[in-house]
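Asker: Sharing target.pdb (PDB, C-alpha atoms, pLDDT in the B column) below.
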ATOM      1  CA  MET A 202      -9.168 -14.108   4.825  1.00 92.00           C
ATOM      2  CA  ILE A 203      -6.559 -11.722   3.421  1.00 96.00           C
ATOM      3  CA  LYS A 204      -3.666 -11.224   5.835  1.00 97.00           C
ATOM      4  CA  THR A 205      -2.565  -7.614   5.690  1.00 98.00           C
ATOM      5  CA  ALA A 206       0.378  -5.617   7.002  1.00 98.00           C
ATOM      6  CA  ILE A 207       0.177  -1.852   7.469  1.00 98.00           C
ATOM      7  CA  VAL A 208       3.430   0.093   7.247  1.00 98.00           C
ATOM      8  CA  THR A 209       3.160   3.755   8.149  1.00 98.00           C
ATOM      9  CA  VAL A 210       6.140   5.740   6.896  1.00 98.00           C
ATOM     10  CA  SER A 211       6.471   8.899   8.965  1.00 96.00           C
ATOM     11  CA  ASP A 212       9.411  10.550  10.699  1.00 95.00           C
ATOM     12  CA  LYS A 213       7.100  12.282  13.175  1.00 94.00           C
ATOM     13  CA  GLY A 214       4.952   9.186  13.704  1.00 94.00           C
ATOM     14  CA  SER A 215       7.950   6.967  14.385  1.00 94.00           C
ATOM     15  CA  ALA A 216       9.281   9.543  16.878  1.00 93.00           C
ATOM     16  CA  GLY A 217       5.939   9.580  18.718  1.00 93.00           C
ATOM     17  CA  GLU A 218       5.243  13.168  17.668  1.00 95.00           C
ATOM     18  CA  ARG A 219       2.147  12.369  15.567  1.00 93.00           C
ATOM     19  CA  VAL A 220      -0.743   9.924  15.951  1.00 95.00           C
ATOM     20  CA  ASP A 221      -1.056   7.528  13.003  1.00 96.00           C
ATOM     21  CA  GLU A 222      -4.555   8.313  11.787  1.00 97.00           C
ATOM     22  CA  SER A 223      -3.877   6.944   8.283  1.00 97.00           C
ATOM     23  CA  GLY A 224      -3.002   3.504   9.619  1.00 97.00           C
ATOM     24  CA  THR A 225      -6.277   3.518  11.542  1.00 97.00           C
ATOM     25  CA  VAL A 226      -8.230   4.341   8.370  1.00 98.00           C
ATOM     26  CA  ILE A 227      -6.515   1.482   6.522  1.00 98.00           C
ATOM     27  CA  ARG A 228      -7.330  -0.946   9.346  1.00 97.00           C
ATOM     28  CA  GLU A 229     -11.003   0.059   9.346  1.00 96.00           C
ATOM     29  CA  MET A 230     -11.346  -0.253   5.567  1.00 97.00           C
ATOM     30  CA  ILE A 231      -9.456  -3.548   5.309  1.00 95.00           C
ATOM     31  CA  GLU A 232     -11.471  -5.199   8.055  1.00 91.00           C
ATOM     32  CA  GLU A 233     -14.656  -4.358   6.096  1.00 89.00           C
ATOM     33  CA  MET A 234     -13.480  -6.604   3.216  1.00 88.00           C
ATOM     34  CA  ASP A 235     -12.849  -9.887   5.025  1.00 84.00           C
ATOM     35  CA  ALA A 236      -9.228  -9.136   5.738  1.00 94.00           C
ATOM     36  CA  SER A 237      -7.249  -9.025   8.944  1.00 95.00           C
ATOM     37  CA  VAL A 238      -4.319  -6.911  10.019  1.00 97.00           C
ATOM     38  CA  SER A 239      -1.538  -9.349  10.877  1.00 97.00           C
ATOM     39  CA  ALA A 240       1.265  -6.793  11.224  1.00 97.00           C
ATOM     40  CA  TYR A 241       1.513  -3.079  11.867  1.00 98.00           C
ATOM     41  CA  THR A 242       4.517  -0.814  12.181  1.00 98.00           C
ATOM     42  CA  VAL A 243       5.429   2.859  12.054  1.00 98.00           C
ATOM     43  CA  ILE A 244       8.885   3.618  10.654  1.00 98.00           C
ATOM     44  CA  PRO A 245      10.806   6.744   9.633  1.00 98.00           C
ATOM     45  CA  ASP A 246      11.267   7.915   6.039  1.00 97.00           C
ATOM     46  CA  GLU A 247      14.484   5.948   5.484  1.00 97.00           C
ATOM     47  CA  GLN A 248      14.673   4.133   2.136  1.00 98.00           C
ATOM     48  CA  GLU A 249      16.756   1.181   3.329  1.00 98.00           C
ATOM     49  CA  LEU A 250      14.576   0.657   6.407  1.00 98.00           C
ATOM     50  CA  ILE A 251      11.409   0.800   4.306  1.00 98.00           C
ATOM     51  CA  ALA A 252      12.879  -1.714   1.837  1.00 98.00           C
ATOM     52  CA  LYS A 253      14.014  -4.021   4.659  1.00 98.00           C
ATOM     53  CA  THR A 254      10.570  -3.855   6.281  1.00 98.00           C
ATOM     54  CA  LEU A 255       8.832  -4.729   2.995  1.00 98.00           C
ATOM     55  CA  ILE A 256      11.263  -7.607   2.407  1.00 98.00           C
ATOM     56  CA  ASP A 257      10.883  -8.968   5.941  1.00 98.00           C
ATOM     57  CA  LEU A 258       7.076  -8.859   5.772  1.00 98.00           C
ATOM     58  CA  SER A 259       6.877 -10.465   2.324  1.00 97.00           C
ATOM     59  CA  GLU A 260       9.508 -13.128   3.073  1.00 95.00           C
ATOM     60  CA  GLN A 261       7.436 -14.511   5.973  1.00 89.00           C
ATOM     61  CA  GLY A 262       5.085 -16.083   3.460  1.00 88.00           C
ATOM     62  CA  GLU A 263       2.114 -15.247   5.651  1.00 94.00           C
ATOM     63  CA  ILE A 264       1.303 -11.702   4.506  1.00 98.00           C
ATOM     64  CA  ASP A 265      -0.880 -11.402   1.387  1.00 98.00           C
ATOM     65  CA  LEU A 266      -1.028  -7.614   1.228  1.00 98.00           C
ATOM     66  CA  ILE A 267       1.233  -4.820   2.459  1.00 98.00           C
ATOM     67  CA  LEU A 268      -0.286  -1.346   2.465  1.00 98.00           C
ATOM     68  CA  THR A 269       2.119   1.511   3.079  1.00 98.00           C
ATOM     69  CA  THR A 270       0.987   5.001   3.961  1.00 98.00           C
ATOM     70  CA  GLY A 271       3.164   8.068   3.626  1.00 97.00           C
ATOM     71  CA  GLY A 272       6.227   9.123   1.674  1.00 97.00           C
ATOM     72  CA  THR A 273       4.685   9.118  -1.804  1.00 97.00           C
ATOM     73  CA  GLY A 274       5.027  12.814  -2.612  1.00 96.00           C
ATOM     74  CA  VAL A 275       7.916  14.905  -3.858  1.00 97.00           C
ATOM     75  CA  ALA A 276       9.431  16.147  -0.604  1.00 96.00           C
ATOM     76  CA  PRO A 277      13.114  15.266  -0.209  1.00 96.00           C
ATOM     77  CA  ARG A 278      12.375  12.560   2.404  1.00 96.00           C
ATOM     78  CA  ASP A 279       9.515  10.980   0.407  1.00 97.00           C
ATOM     79  CA  VAL A 280      11.240   7.727  -0.596  1.00 98.00           C
ATOM     80  CA  THR A 281       8.550   5.055  -0.193  1.00 98.00           C
ATOM     81  CA  PRO A 282       8.164   4.524  -3.982  1.00 98.00           C
ATOM     82  CA  GLU A 283      11.928   4.103  -4.405  1.00 98.00           C
ATOM     83  CA  ALA A 284      12.040   1.545  -1.592  1.00 98.00           C
ATOM     84  CA  THR A 285       9.078  -0.312  -3.076  1.00 98.00           C
ATOM     85  CA  LEU A 286      10.566  -0.379  -6.574  1.00 98.00           C
ATOM     86  CA  GLN A 287      13.780  -1.689  -5.018  1.00 98.00           C
ATOM     87  CA  VAL A 288      12.034  -4.802  -3.644  1.00 98.00           C
ATOM     88  CA  ILE A 289       9.212  -5.712  -6.048  1.00 98.00           C
ATOM     89  CA  SER A 290       9.681  -8.134  -8.925  1.00 98.00           C
ATOM     90  CA  ARG A 291       6.653  -6.965 -10.934  1.00 97.00           C
ATOM     91  CA  GLU A 292       4.948  -3.599 -10.997  1.00 98.00           C
ATOM     92  CA  ILE A 293       1.154  -3.261 -11.255  1.00 98.00           C
ATOM     93  CA  PRO A 294       0.883   0.254 -12.688  1.00 98.00           C
ATOM     94  CA  GLY A 295      -2.886   0.125 -13.175  1.00 98.00           C
ATOM     95  CA  MET A 296      -3.520   0.327  -9.435  1.00 98.00           C
ATOM     96  CA  ALA A 297      -1.435   3.467  -8.965  1.00 97.00           C
ATOM     97  CA  GLU A 298      -2.892   4.959 -12.154  1.00 98.00           C
ATOM     98  CA  ALA A 299      -6.441   4.294 -10.950  1.00 98.00           C
ATOM     99  CA  MET A 300      -5.741   5.919  -7.586  1.00 98.00           C
ATOM    100  CA  ARG A 301      -4.185   9.010  -9.189  1.00 97.00           C
ATOM    101  CA  SER A 302      -7.004   9.279 -11.731  1.00 97.00           C
ATOM    102  CA  ALA A 303      -9.703   9.160  -9.070  1.00 96.00           C
ATOM    103  CA  SER A 304      -7.820  11.585  -6.827  1.00 96.00           C
ATOM    104  CA  LEU A 305      -7.356  14.074  -9.661  1.00 96.00           C
ATOM    105  CA  LYS A 306     -11.124  14.522  -9.684  1.00 96.00           C
ATOM    106  CA  LYS A 307     -10.792  15.917  -6.155  1.00 94.00           C
ATOM    107  CA  THR A 308      -7.445  17.716  -6.141  1.00 94.00           C
ATOM    108  CA  PRO A 309      -4.803  18.749  -8.671  1.00 95.00           C
ATOM    109  CA  HIS A 310      -2.189  17.723  -6.097  1.00 94.00           C
ATOM    110  CA  ALA A 311      -2.872  14.067  -6.969  1.00 94.00           C
ATOM    111  CA  MET A 312      -0.662  14.415 -10.031  1.00 95.00           C
ATOM    112  CA  ILE A 313       2.420  14.665  -7.829  1.00 96.00           C
ATOM    113  CA  SER A 314       1.752  11.337  -6.147  1.00 96.00           C
ATOM    114  CA  ARG A 315       4.454   8.814  -6.965  1.00 98.00           C
ATOM    115  CA  ALA A 316       2.690   5.828  -5.407  1.00 98.00           C
ATOM    116  CA  VAL A 317       3.684   2.393  -6.689  1.00 98.00           C
ATOM    117  CA  ALA A 318       1.978  -1.008  -6.581  1.00 98.00           C
ATOM    118  CA  GLY A 319       3.668  -4.315  -7.258  1.00 98.00           C
ATOM    119  CA  VAL A 320       4.425  -7.883  -6.278  1.00 98.00           C
ATOM    120  CA  ARG A 321       7.206  -9.394  -4.205  1.00 98.00           C
ATOM    121  CA  LYS A 322       7.046 -13.188  -3.902  1.00 94.00           C
ATOM    122  CA  ASN A 323       3.336 -13.857  -3.194  1.00 96.00           C
ATOM    123  CA  THR A 324       2.674 -10.483  -1.587  1.00 98.00           C
ATOM    124  CA  LEU A 325       0.958  -7.462  -3.134  1.00 98.00           C
ATOM    125  CA  ILE A 326       2.505  -4.156  -2.008  1.00 98.00           C
ATOM    126  CA  VAL A 327       0.609  -0.895  -2.517  1.00 98.00           C
ATOM    127  CA  ASN A 328       1.752   2.618  -1.575  1.00 98.00           C
ATOM    128  CA  LEU A 329      -0.950   4.929  -0.281  1.00 98.00           C
ATOM    129  CA  PRO A 330      -0.649   8.656   0.513  1.00 97.00           C
ATOM    130  CA  GLY A 331      -0.044   9.869   4.058  1.00 95.00           C
ATOM    131  CA  SER A 332      -3.204  11.817   4.878  1.00 95.00           C
ATOM    132  CA  PRO A 333      -6.237   9.977   6.275  1.00 97.00           C
ATOM    133  CA  ARG A 334      -8.573  11.557   3.688  1.00 96.00           C
ATOM    134  CA  ALA A 335      -6.301  10.631   0.780  1.00 96.00           C
ATOM    135  CA  VAL A 336      -5.882   7.102   2.159  1.00 97.00           C
ATOM    136  CA  ARG A 337      -9.664   6.664   2.250  1.00 97.00           C
ATOM    137  CA  GLU A 338     -10.075   8.054  -1.284  1.00 96.00           C
ATOM    138  CA  ASN A 339      -7.254   5.990  -2.796  1.00 97.00           C
ATOM    139  CA  LEU A 340      -7.892   2.717  -0.989  1.00 98.00           C
ATOM    140  CA  SER A 341     -11.597   2.839  -1.868  1.00 97.00           C
ATOM    141  CA  VAL A 342     -10.622   2.872  -5.566  1.00 97.00           C
ATOM    142  CA  ILE A 343      -8.540  -0.331  -5.442  1.00 98.00           C
ATOM    143  CA  LEU A 344     -10.372  -2.185  -2.656  1.00 97.00           C
ATOM    144  CA  PRO A 345     -12.739  -4.035  -5.032  1.00 96.00           C
ATOM    145  CA  ALA A 346      -9.790  -5.391  -7.061  1.00 97.00           C
ATOM    146  CA  LEU A 347      -7.628  -6.520  -4.142  1.00 97.00           C
ATOM    147  CA  PRO A 348      -9.132  -9.994  -3.479  1.00 96.00           C
ATOM    148  CA  HIS A 349      -8.925 -10.927  -7.172  1.00 96.00           C
ATOM    149  CA  ALA A 350      -5.386  -9.562  -7.532  1.00 97.00           C
ATOM    150  CA  ILE A 351      -4.207 -11.475  -4.465  1.00 96.00           C
ATOM    151  CA  ALA A 352      -5.850 -14.700  -5.672  1.00 96.00           C
ATOM    152  CA  LYS A 353      -4.052 -14.325  -9.020  1.00 96.00           C
ATOM    153  CA  ILE A 354      -0.718 -13.585  -7.356  1.00 96.00           C
ATOM    154  CA  LYS A 355      -1.120 -16.782  -5.349  1.00 94.00           C
ATOM    155  CA  GLY A 356      -1.704 -18.780  -8.538  1.00 91.00           C
ATOM    156  CA  ASP A 357      -5.491 -18.954  -8.922  1.00 84.00           C
ATOM    157  CA  PRO A 358      -5.995 -20.524 -12.391  1.00 80.00           C
ATOM    158  CA  GLY A 359      -9.510 -19.101 -12.863  1.00 76.00           C
ATOM    159  CA  GLU A 360     -10.401 -16.795 -15.723  1.00 72.00           C
ATOM    160  CA  CYS A 361      -9.936 -13.023 -15.370  1.00 67.00           C
ATOM    161  CA  GLY A 362     -13.043 -12.066 -17.334  1.00 60.00           C
ATOM    162  CA  ALA A 363     -15.575  -9.483 -16.248  1.00 53.00           C
ATOM    163  CA  GLY A 364     -17.152 -10.282 -12.940  1.00 49.00           C
ATOM    164  CA  SER A 365     -14.258 -12.497 -11.804  1.00 43.00           C
TER     165      SER A 365
END
Could you rewrite the structure in this file as structure tokens?

Answerer:
Amino acid sequence: MIKTAIVTVSDKGSAGERVDESGTVIREMIEEMDASVSAYTVIPDEQELIAKTLIDLSEQGEIDLILTTGGTGVAPRDVTPEATLQVISREIPGMAEAMRSASLKKTPHAMISRAVAGVRKNTLIVNLPGSPRAVRENLSVILPALPHAIAKIKGDPGECGAGS
């Protein structure tokens, strides 16, 4: 069972002015793949708070996967990628590239996504967009690779060949 944390980054959501529909979509999709949501939080678009939240969740040693939603665009307060880059030790660019590539087939706006994926300690951190539709589209692209990626991050010595 993959233990997951959902971190919704939204000024309006954290102020109680918006319902977190994206977090709900993540929860539904994650629970379909033999994973559980062990932590959930909604925080404002503040780089240091985002970084601290990612550090705290990954330092526990219990969370396998942190999925953020929101703050991946180019608006002045979109700082989730910066916070993620601040805390990860290794980037996994293929995940973000795959999400952008798939999204570009649906909207040209996908090219302005700055989402990042990477590893901190034994935790995989992936930035997802803020809209429920974009979350569903992007998460569906990487969902099949998540169990294998997490097993490898945790030290699985098995081969990485096709079908692994």

Asker: Please report the interatomic distance between CA of Gly217 in chain A and CA of Ala284 in chain A in Å with one decimal.

Answerer: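 Atom-to-atom, CA of Gly217 in chain A to CA of Ala284 in chain A, that is 22.7 Å.
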
Asker: How many Å lie between CA of Arg228 in chain A and CA of Ile326 in chain A, rounded to one decimal?

Answerer: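 One can read the CA of Arg228 in chain A to CA of Ile326 in chain A distance as 15.4 Å.
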
Asker: Residues at most 12 Å from Pro282 in chain A, counting only C-alpha atoms, excluding those fewer than 2 positions away in the same chain, as JSON, numbers by chain?

Answerer: {"A": [210, 246, 247, 248, 249, 251, 252, 255, 269, 270, 271, 272, 273, 274, 275, 278, 279, 280, 284, 285, 286, 287, 288, 289, 292, 297, 314, 315, 316, 317, 318, 319, 326, 327, 328, 329, 330]}

Asker: What lies within 12 Å of Thr225 in chain A using only C-alpha atoms, ignoring chain neighbours under 3 positions off, as an MDAnalysis selection string?

Answerer: chainID A and resid 207:209 220:222 228:232 238 241:243 268 270 331:334 336:337

Asker: Output the residue selection produced by the PyMOL selection byres ((chain A and resi 235) around 10) on the file above, formatted as a list in words.

Answerer: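 Applied to this file, the PyMOL selection byres ((chain A and resi 235) around 10) returns Met202, Ile203, Lys204, Met230, Ile231, Glu232, Glu233, Met234, Ala236, Ser237 and Pro348 of chain A.
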
Asker: Please enumerate the residues selected by the PyMOL selection byres ((chain A and resi 311) around 10) when evaluated against the supplied file, formatted as an NGL selection string.

Answerer: :A and (274 or 300-310 or 312-315 or 330 or 335)

Asker: Could you please take those selected residues and save C-alpha atoms as a short mmCIF file (atom, residue, chain, number, x, y, z; two decimals), keeping the file's coordinate frame?

Answerer:
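The result, written out as result28.cif:
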data_model
loop_
_atom_site.label_atom_id
_atom_site.label_comp_id
_atom_site.auth_asym_id
_atom_site.auth_seq_id
_atom_site.Cartn_x
_atom_site.Cartn_y
_atom_site.Cartn_z
CA GLY A 274 5.03 12.81 -2.61
CA MET A 300 -5.74 5.92 -7.59
CA ARG A 301 -4.18 9.01 -9.19
CA SER A 302 -7.00 9.28 -11.73
CA ALA A 303 -9.70 9.16 -9.07
CA SER A 304 -7.82 11.58 -6.83
CA LEU A 305 -7.36 14.07 -9.66
CA LYS A 306 -11.12 14.52 -9.68
CA LYS A 307 -10.79 15.92 -6.16
CA THR A 308 -7.44 17.72 -6.14
CA PRO A 309 -4.80 18.75 -8.67
CA HIS A 310 -2.19 17.72 -6.10
CA MET A 312 -0.66 14.42 -10.03
CA ILE A 313 2.42 14.66 -7.83
CA SER A 314 1.75 11.34 -6.15
CA ARG A 315 4.45 8.81 -6.96
CA PRO A 330 -0.65 8.66 0.51
CA ALA A 335 -6.30 10.63 0.78
#

Asker: Taking into account all atoms listed in the file, which residue in the set A:Leu258, A:Leu340, A:Pro345, A:Arg219 is nearest to Ser239 in chain A?

Answerer: A:Leu258

Asker: Write out as lines of an AutoDock Vina configuration file an axis-aligned box for range 235-249 of chain A: all of its atoms listed in the file, 6 Å added on each side, centre and edge lengths in Å with one decimal.

Answerer:
center_x = 2.0
center_y = -1.0
center_z = 7.2
size_x = 41.6
size_y = 29.8
size_z = 22.0

Asker: Measuring atom to atom with all atoms listed in the file, identify which of A:Ala276, A:Lys253, A:Ser215, A:Thr324 is nearest to Ser290 in chain A.

Answerer: A:Thr324

Asker: When distances are computed from only C-alpha atoms, which of A:Thr281, A:Ile293, A:Asn339, A:Thr254 shows the smallest separation from Val320 in chain A?

Answerer: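 Closest to Val320 in chain A of all the choices is A:Ile293.
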
Asker: What is the distance between CA of Ile267 in chain A and CA of Glu298 in chain A, in Å to one decimal?

Answerer: 18.1 Å

Asker: Which is closest to Glu338 in chain A among A:Arg291, A:Ile256, A:Ile227, A:Glu283, if we use all atoms listed in the file?

Answerer: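 Residue with the minimum atom-to-atom distance to Glu338 in chain A: A:Ile227.
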